[in-house]
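Enquirer: Just dropping this structure here.
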Amino acid sequence: MSAQHWSHGATAAPTAPADRDRHAWVAPTVATVLLLFLAPAALLFGGLSAMATDSCGPDDCPDALMTQLTVIYSTLTFGGIVTLGAWLASWVLPWMPRWSGWRSGLAALALLPPVLVLLLVFSLPMP
């Protein structure tokens, strides 16, 4: 074999294509780790928030309390769909630099419903 043939085989290890974002995994990973803590807490505290009506009964409770509980349960229901969709989309978007803004935005959007539920639960008006 000629020296020219051997020189082509001794190339460096292949690198990622130039159009690939090497840090594309960061935002979805951060969202995933945060959701591991936020989602169960939102489900637990949101589910237990109806106990705020124990002292007044659902018929005699203030409208502000009942409205906030309605928002909590609506956010748990529909926010779960938003969270799952945004989280999944942040992982499956193409890993190119032009999608990094969308990926970060979707990862942040996935966190909003559980954070909103927790904020609403911890700011329930007293009956």
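Following the order of the structure tokens, first chain is A, next is B, and so on, with residues numbered from 1 inside each chain and ligands from 1 in the order they appear.
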As JSON, numbers by chain, please: the residues near Ala41 of chain A (cut-off 12 Å, only C-alpha atoms, same-chain neighbours under 2 positions excluded).

Expert: {"A": [34, 35, 36, 37, 38, 39, 43, 44, 45, 46, 47, 48, 49, 76, 113, 114, 115, 116, 117, 118, 119, 121, 122]}

Enquirer: Only N, CA and C atoms, please: the residues just picked out, written as a PDB file, in the first residue's frame.

Expert:
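That gives us selection.pdb:
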```pdb
ATOM      1  N   LEU A  34     -36.246  20.042  36.993  1.00  0.00           N
ATOM      2  CA  LEU A  34     -37.155  20.866  37.780  1.00  0.00           C
ATOM      3  C   LEU A  34     -38.565  20.270  37.818  1.00  0.00           C
ATOM      4  N   LEU A  35     -39.008  19.705  36.702  1.00  0.00           N
ATOM      5  CA  LEU A  35     -40.336  19.092  36.672  1.00  0.00           C
ATOM      6  C   LEU A  35     -40.417  17.850  37.546  1.00  0.00           C
ATOM      7  N   LEU A  36     -39.305  17.181  37.756  1.00  0.00           N
ATOM      8  CA  LEU A  36     -39.307  16.030  38.659  1.00  0.00           C
ATOM      9  C   LEU A  36     -39.709  16.424  40.074  1.00  0.00           C
ATOM     10  N   PHE A  37     -39.465  17.671  40.440  1.00  0.00           N
ATOM     11  CA  PHE A  37     -39.843  18.159  41.769  1.00  0.00           C
ATOM     12  C   PHE A  37     -41.136  18.969  41.735  1.00  0.00           C
ATOM     13  N   LEU A  38     -41.292  19.819  40.718  1.00  0.00           N
ATOM     14  CA  LEU A  38     -42.441  20.717  40.668  1.00  0.00           C
ATOM     15  C   LEU A  38     -43.757  20.006  40.362  1.00  0.00           C
ATOM     16  N   ALA A  39     -43.757  19.084  39.422  1.00  0.00           N
ATOM     17  CA  ALA A  39     -45.003  18.435  39.018  1.00  0.00           C
ATOM     18  C   ALA A  39     -45.639  17.620  40.149  1.00  0.00           C
ATOM     19  N   LEU A  43     -49.243  18.597  41.924  1.00  0.00           N
ATOM     20  CA  LEU A  43     -50.348  17.633  42.007  1.00  0.00           C
ATOM     21  C   LEU A  43     -50.765  17.387  43.454  1.00  0.00           C
ATOM     22  N   LEU A  44     -49.807  17.229  44.331  1.00  0.00           N
ATOM     23  CA  LEU A  44     -50.118  16.964  45.733  1.00  0.00           C
ATOM     24  C   LEU A  44     -50.819  18.150  46.386  1.00  0.00           C
ATOM     25  N   PHE A  45     -50.195  19.311  46.330  1.00  0.00           N
ATOM     26  CA  PHE A  45     -50.769  20.478  46.992  1.00  0.00           C
ATOM     27  C   PHE A  45     -52.025  20.981  46.283  1.00  0.00           C
ATOM     28  N   GLY A  46     -52.046  20.872  44.963  1.00  0.00           N
ATOM     29  CA  GLY A  46     -53.259  21.252  44.236  1.00  0.00           C
ATOM     30  C   GLY A  46     -54.417  20.335  44.566  1.00  0.00           C
ATOM     31  N   GLY A  47     -54.137  19.048  44.682  1.00  0.00           N
ATOM     32  CA  GLY A  47     -55.187  18.101  45.039  1.00  0.00           C
ATOM     33  C   GLY A  47     -55.691  18.289  46.457  1.00  0.00           C
ATOM     34  N   LEU A  48     -54.810  18.671  47.348  1.00  0.00           N
ATOM     35  CA  LEU A  48     -55.206  18.893  48.741  1.00  0.00           C
ATOM     36  C   LEU A  48     -55.807  20.270  48.984  1.00  0.00           C
ATOM     37  N   SER A  49     -55.759  21.147  48.005  1.00  0.00           N
ATOM     38  CA  SER A  49     -56.233  22.520  48.211  1.00  0.00           C
ATOM     39  C   SER A  49     -57.732  22.594  48.480  1.00  0.00           C
ATOM     40  N   LEU A  76     -54.443  22.501  36.761  1.00  0.00           N
ATOM     41  CA  LEU A  76     -53.966  21.124  36.880  1.00  0.00           C
ATOM     42  C   LEU A  76     -54.402  20.294  35.680  1.00  0.00           C
ATOM     43  N   PRO A 113     -47.139  25.959  34.271  1.00  0.00           N
ATOM     44  CA  PRO A 113     -48.333  25.464  34.964  1.00  0.00           C
ATOM     45  C   PRO A 113     -48.083  24.939  36.376  1.00  0.00           C
ATOM     46  N   PRO A 114     -47.064  24.099  36.615  1.00  0.00           N
ATOM     47  CA  PRO A 114     -46.875  23.670  38.006  1.00  0.00           C
ATOM     48  C   PRO A 114     -46.474  24.808  38.942  1.00  0.00           C
ATOM     49  N   VAL A 115     -45.694  25.751  38.437  1.00  0.00           N
ATOM     50  CA  VAL A 115     -45.323  26.899  39.270  1.00  0.00           C
ATOM     51  C   VAL A 115     -46.557  27.734  39.583  1.00  0.00           C
ATOM     52  N   LEU A 116     -47.434  27.931  38.603  1.00  0.00           N
ATOM     53  CA  LEU A 116     -48.668  28.685  38.831  1.00  0.00           C
ATOM     54  C   LEU A 116     -49.546  27.994  39.868  1.00  0.00           C
ATOM     55  N   VAL A 117     -49.687  26.686  39.770  1.00  0.00           N
ATOM     56  CA  VAL A 117     -50.490  25.950  40.753  1.00  0.00           C
ATOM     57  C   VAL A 117     -49.928  26.136  42.149  1.00  0.00           C
ATOM     58  N   LEU A 118     -48.623  25.999  42.293  1.00  0.00           N
ATOM     59  CA  LEU A 118     -48.017  26.154  43.614  1.00  0.00           C
ATOM     60  C   LEU A 118     -48.186  27.568  44.153  1.00  0.00           C
ATOM     61  N   LEU A 119     -48.038  28.564  43.295  1.00  0.00           N
ATOM     62  CA  LEU A 119     -48.246  29.950  43.744  1.00  0.00           C
ATOM     63  C   LEU A 119     -49.692  30.176  44.173  1.00  0.00           C
ATOM     64  N   VAL A 121     -51.835  27.874  45.259  1.00  0.00           N
ATOM     65  CA  VAL A 121     -52.120  27.107  46.479  1.00  0.00           C
ATOM     66  C   VAL A 121     -51.581  27.831  47.705  1.00  0.00           C
ATOM     67  N   PHE A 122     -50.372  28.353  47.588  1.00  0.00           N
ATOM     68  CA  PHE A 122     -49.781  29.001  48.757  1.00  0.00           C
ATOM     69  C   PHE A 122     -50.278  30.429  48.983  1.00  0.00           C
TER      70      PHE A 122
END
```

Enquirer: Would you list the contacts of Arg20 of chain A as an mmCIF file with C-alpha atoms, in the first residue's frame, taking every protein, DNA or RNA residue within 10 Å and counting only C-alpha atoms, but skipping same-chain residues closer than 6 positions in sequence?

Expert:
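Result file is around.cif:
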```
data_model
loop_
_atom_site.group_PDB
_atom_site.id
_atom_site.type_symbol
_atom_site.label_atom_id
_atom_site.label_comp_id
_atom_site.auth_asym_id
_atom_site.auth_seq_id
_atom_site.Cartn_x
_atom_site.Cartn_y
_atom_site.Cartn_z
ATOM 1 C CA PRO A 94 -33.991 19.776 15.763
ATOM 2 C CA TRP A 95 -30.706 20.304 17.596
ATOM 3 C CA MET A 96 -29.575 23.220 15.461
ATOM 4 C CA PRO A 97 -28.661 26.699 16.697
ATOM 5 C CA ARG A 98 -31.628 28.355 15.001
#
```

Enquirer: Just checking: using only C-alpha atoms, which residue out of A:Cys56, A:Ala42, A:Val33, A:Ala64 ends up closest to Leu124 of chain A?

Expert: A:Ala64

Enquirer: Skip segment 100-109 of chain A itself and residues of its chain fewer than 3 positions away, then list as a PyMOL selection string all residues within 12 Å of it, counting only C-alpha atoms.

Expert: chain A and resi 19-35+79-97+112-116

Enquirer: Output N, CA and C atoms for every residue in the selection just made, as a CSV table (one decimal), in the first residue's frame.

Expert:
```
chain,number,residue,atom,x,y,z
A,19,ASP,N,-23.5,22.7,11.9
A,19,ASP,CA,-24.8,23.3,12.1
A,19,ASP,C,-25.5,22.6,13.3
A,20,ARG,N,-24.9,21.9,14.1
A,20,ARG,CA,-25.5,21.2,15.2
A,20,ARG,C,-25.2,22.0,16.5
A,21,ASP,N,-26.2,22.2,17.3
A,21,ASP,CA,-26.0,22.9,18.6
A,21,ASP,C,-25.5,22.0,19.7
A,22,ARG,N,-24.3,22.2,20.1
A,22,ARG,CA,-23.7,21.3,21.1
A,22,ARG,C,-24.4,21.4,22.5
A,23,HIS,N,-25.1,22.5,22.7
A,23,HIS,CA,-25.7,22.7,24.0
A,23,HIS,C,-27.2,22.6,24.0
A,24,ALA,N,-27.7,22.0,23.0
A,24,ALA,CA,-29.2,21.9,22.8
A,24,ALA,C,-29.8,21.1,23.9
A,25,TRP,N,-29.1,20.2,24.6
A,25,TRP,CA,-29.7,19.4,25.7
A,25,TRP,C,-29.8,20.1,27.0
A,26,VAL,N,-29.3,21.3,27.2
A,26,VAL,CA,-29.2,22.0,28.5
A,26,VAL,C,-30.6,22.4,28.9
A,27,ALA,N,-31.4,23.1,28.1
A,27,ALA,CA,-32.7,23.6,28.5
A,27,ALA,C,-33.7,22.5,28.8
A,28,PRO,N,-33.8,21.5,27.9
A,28,PRO,CA,-34.7,20.4,28.2
A,28,PRO,C,-34.3,19.6,29.5
A,29,THR,N,-33.0,19.5,29.7
A,29,THR,CA,-32.6,18.8,30.9
A,29,THR,C,-32.9,19.5,32.1
A,30,VAL,N,-32.7,20.8,32.1
A,30,VAL,CA,-33.0,21.6,33.3
A,30,VAL,C,-34.5,21.6,33.6
A,31,ALA,N,-35.3,21.7,32.5
A,31,ALA,CA,-36.7,21.6,32.7
A,31,ALA,C,-37.1,20.2,33.2
A,32,THR,N,-36.5,19.2,32.7
A,32,THR,CA,-36.8,17.8,33.2
A,32,THR,C,-36.5,17.7,34.7
A,33,VAL,N,-35.4,18.1,35.1
A,33,VAL,CA,-35.0,18.0,36.5
A,33,VAL,C,-35.9,18.8,37.4
A,34,LEU,N,-36.2,20.0,37.0
A,34,LEU,CA,-37.2,20.9,37.8
A,34,LEU,C,-38.6,20.3,37.8
A,35,LEU,N,-39.0,19.7,36.7
A,35,LEU,CA,-40.3,19.1,36.7
A,35,LEU,C,-40.4,17.8,37.5
A,79,GLY,N,-53.2,22.6,32.3
A,79,GLY,CA,-51.8,22.9,32.4
A,79,GLY,C,-50.9,21.6,32.2
A,80,GLY,N,-51.5,20.5,32.6
A,80,GLY,CA,-50.7,19.2,32.4
A,80,GLY,C,-50.5,18.9,31.0
A,81,ILE,N,-51.5,19.2,30.2
A,81,ILE,CA,-51.4,19.0,28.7
A,81,ILE,C,-50.3,20.0,28.2
A,82,VAL,N,-50.4,21.2,28.6
A,82,VAL,CA,-49.4,22.2,28.1
A,82,VAL,C,-48.0,21.8,28.6
A,83,THR,N,-47.8,21.4,29.8
A,83,THR,CA,-46.5,21.0,30.3
A,83,THR,C,-46.0,19.8,29.6
A,84,LEU,N,-46.8,18.8,29.4
A,84,LEU,CA,-46.3,17.6,28.6
A,84,LEU,C,-45.9,18.0,27.2
A,85,GLY,N,-46.8,18.7,26.5
A,85,GLY,CA,-46.5,19.1,25.1
A,85,GLY,C,-45.3,20.0,25.0
A,86,ALA,N,-45.1,21.0,25.8
A,86,ALA,CA,-44.0,21.9,25.7
A,86,ALA,C,-42.7,21.1,26.1
A,87,TRP,N,-42.8,20.3,27.1
A,87,TRP,CA,-41.6,19.5,27.5
A,87,TRP,C,-41.1,18.6,26.4
A,88,LEU,N,-42.1,17.9,25.9
A,88,LEU,CA,-41.8,16.9,24.8
A,88,LEU,C,-41.2,17.7,23.6
A,89,ALA,N,-41.8,18.8,23.2
A,89,ALA,CA,-41.4,19.5,22.0
A,89,ALA,C,-40.0,20.1,22.3
A,90,SER,N,-39.6,20.5,23.5
A,90,SER,CA,-38.3,21.0,23.8
A,90,SER,C,-37.2,19.9,23.5
A,91,TRP,N,-37.6,18.7,23.7
A,91,TRP,CA,-36.6,17.6,23.4
A,91,TRP,C,-36.6,17.2,22.0
A,92,VAL,N,-37.7,17.3,21.2
A,92,VAL,CA,-37.7,16.7,19.9
A,92,VAL,C,-37.4,17.8,18.8
A,93,LEU,N,-37.3,19.0,19.2
A,93,LEU,CA,-36.9,20.0,18.1
A,93,LEU,C,-35.6,19.7,17.6
A,94,PRO,N,-35.3,20.0,16.3
A,94,PRO,CA,-34.0,19.8,15.8
A,94,PRO,C,-32.9,20.5,16.6
A,95,TRP,N,-31.8,19.8,16.8
A,95,TRP,CA,-30.7,20.3,17.6
A,95,TRP,C,-29.8,21.2,16.8
A,96,MET,N,-30.3,22.2,16.2
A,96,MET,CA,-29.6,23.2,15.5
A,96,MET,C,-29.7,24.6,16.2
A,97,PRO,N,-28.7,25.4,16.0
A,97,PRO,CA,-28.7,26.7,16.7
A,97,PRO,C,-29.9,27.6,16.4
A,112,LEU,N,-44.3,26.6,33.7
A,112,LEU,CA,-45.2,27.6,34.1
A,112,LEU,C,-46.5,27.0,34.8
A,113,PRO,N,-47.1,26.0,34.3
A,113,PRO,CA,-48.3,25.5,35.0
A,113,PRO,C,-48.1,24.9,36.4
A,114,PRO,N,-47.1,24.1,36.6
A,114,PRO,CA,-46.9,23.7,38.0
A,114,PRO,C,-46.5,24.8,38.9
A,115,VAL,N,-45.7,25.8,38.4
A,115,VAL,CA,-45.3,26.9,39.3
A,115,VAL,C,-46.6,27.7,39.6
A,116,LEU,N,-47.4,27.9,38.6
A,116,LEU,CA,-48.7,28.7,38.8
A,116,LEU,C,-49.5,28.0,39.9
```

Enquirer: Can you tell me how far atom CA of Ser123 of chain A sits from atom CA of Leu65 of chain A, in Å to one decimal?

Expert: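 Spanning atom CA of Ser123 of chain A to atom CA of Leu65 of chain A is a straight-line distance of 9.9 Å.
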
Enquirer: As an exercise, work out the distance from atom CA of Gly57 of chain A to atom CA of Tyr73 of chain A in Å and give it to one decimal place.

Expert: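 Distance reported for this atom pair: 17.6 Å.
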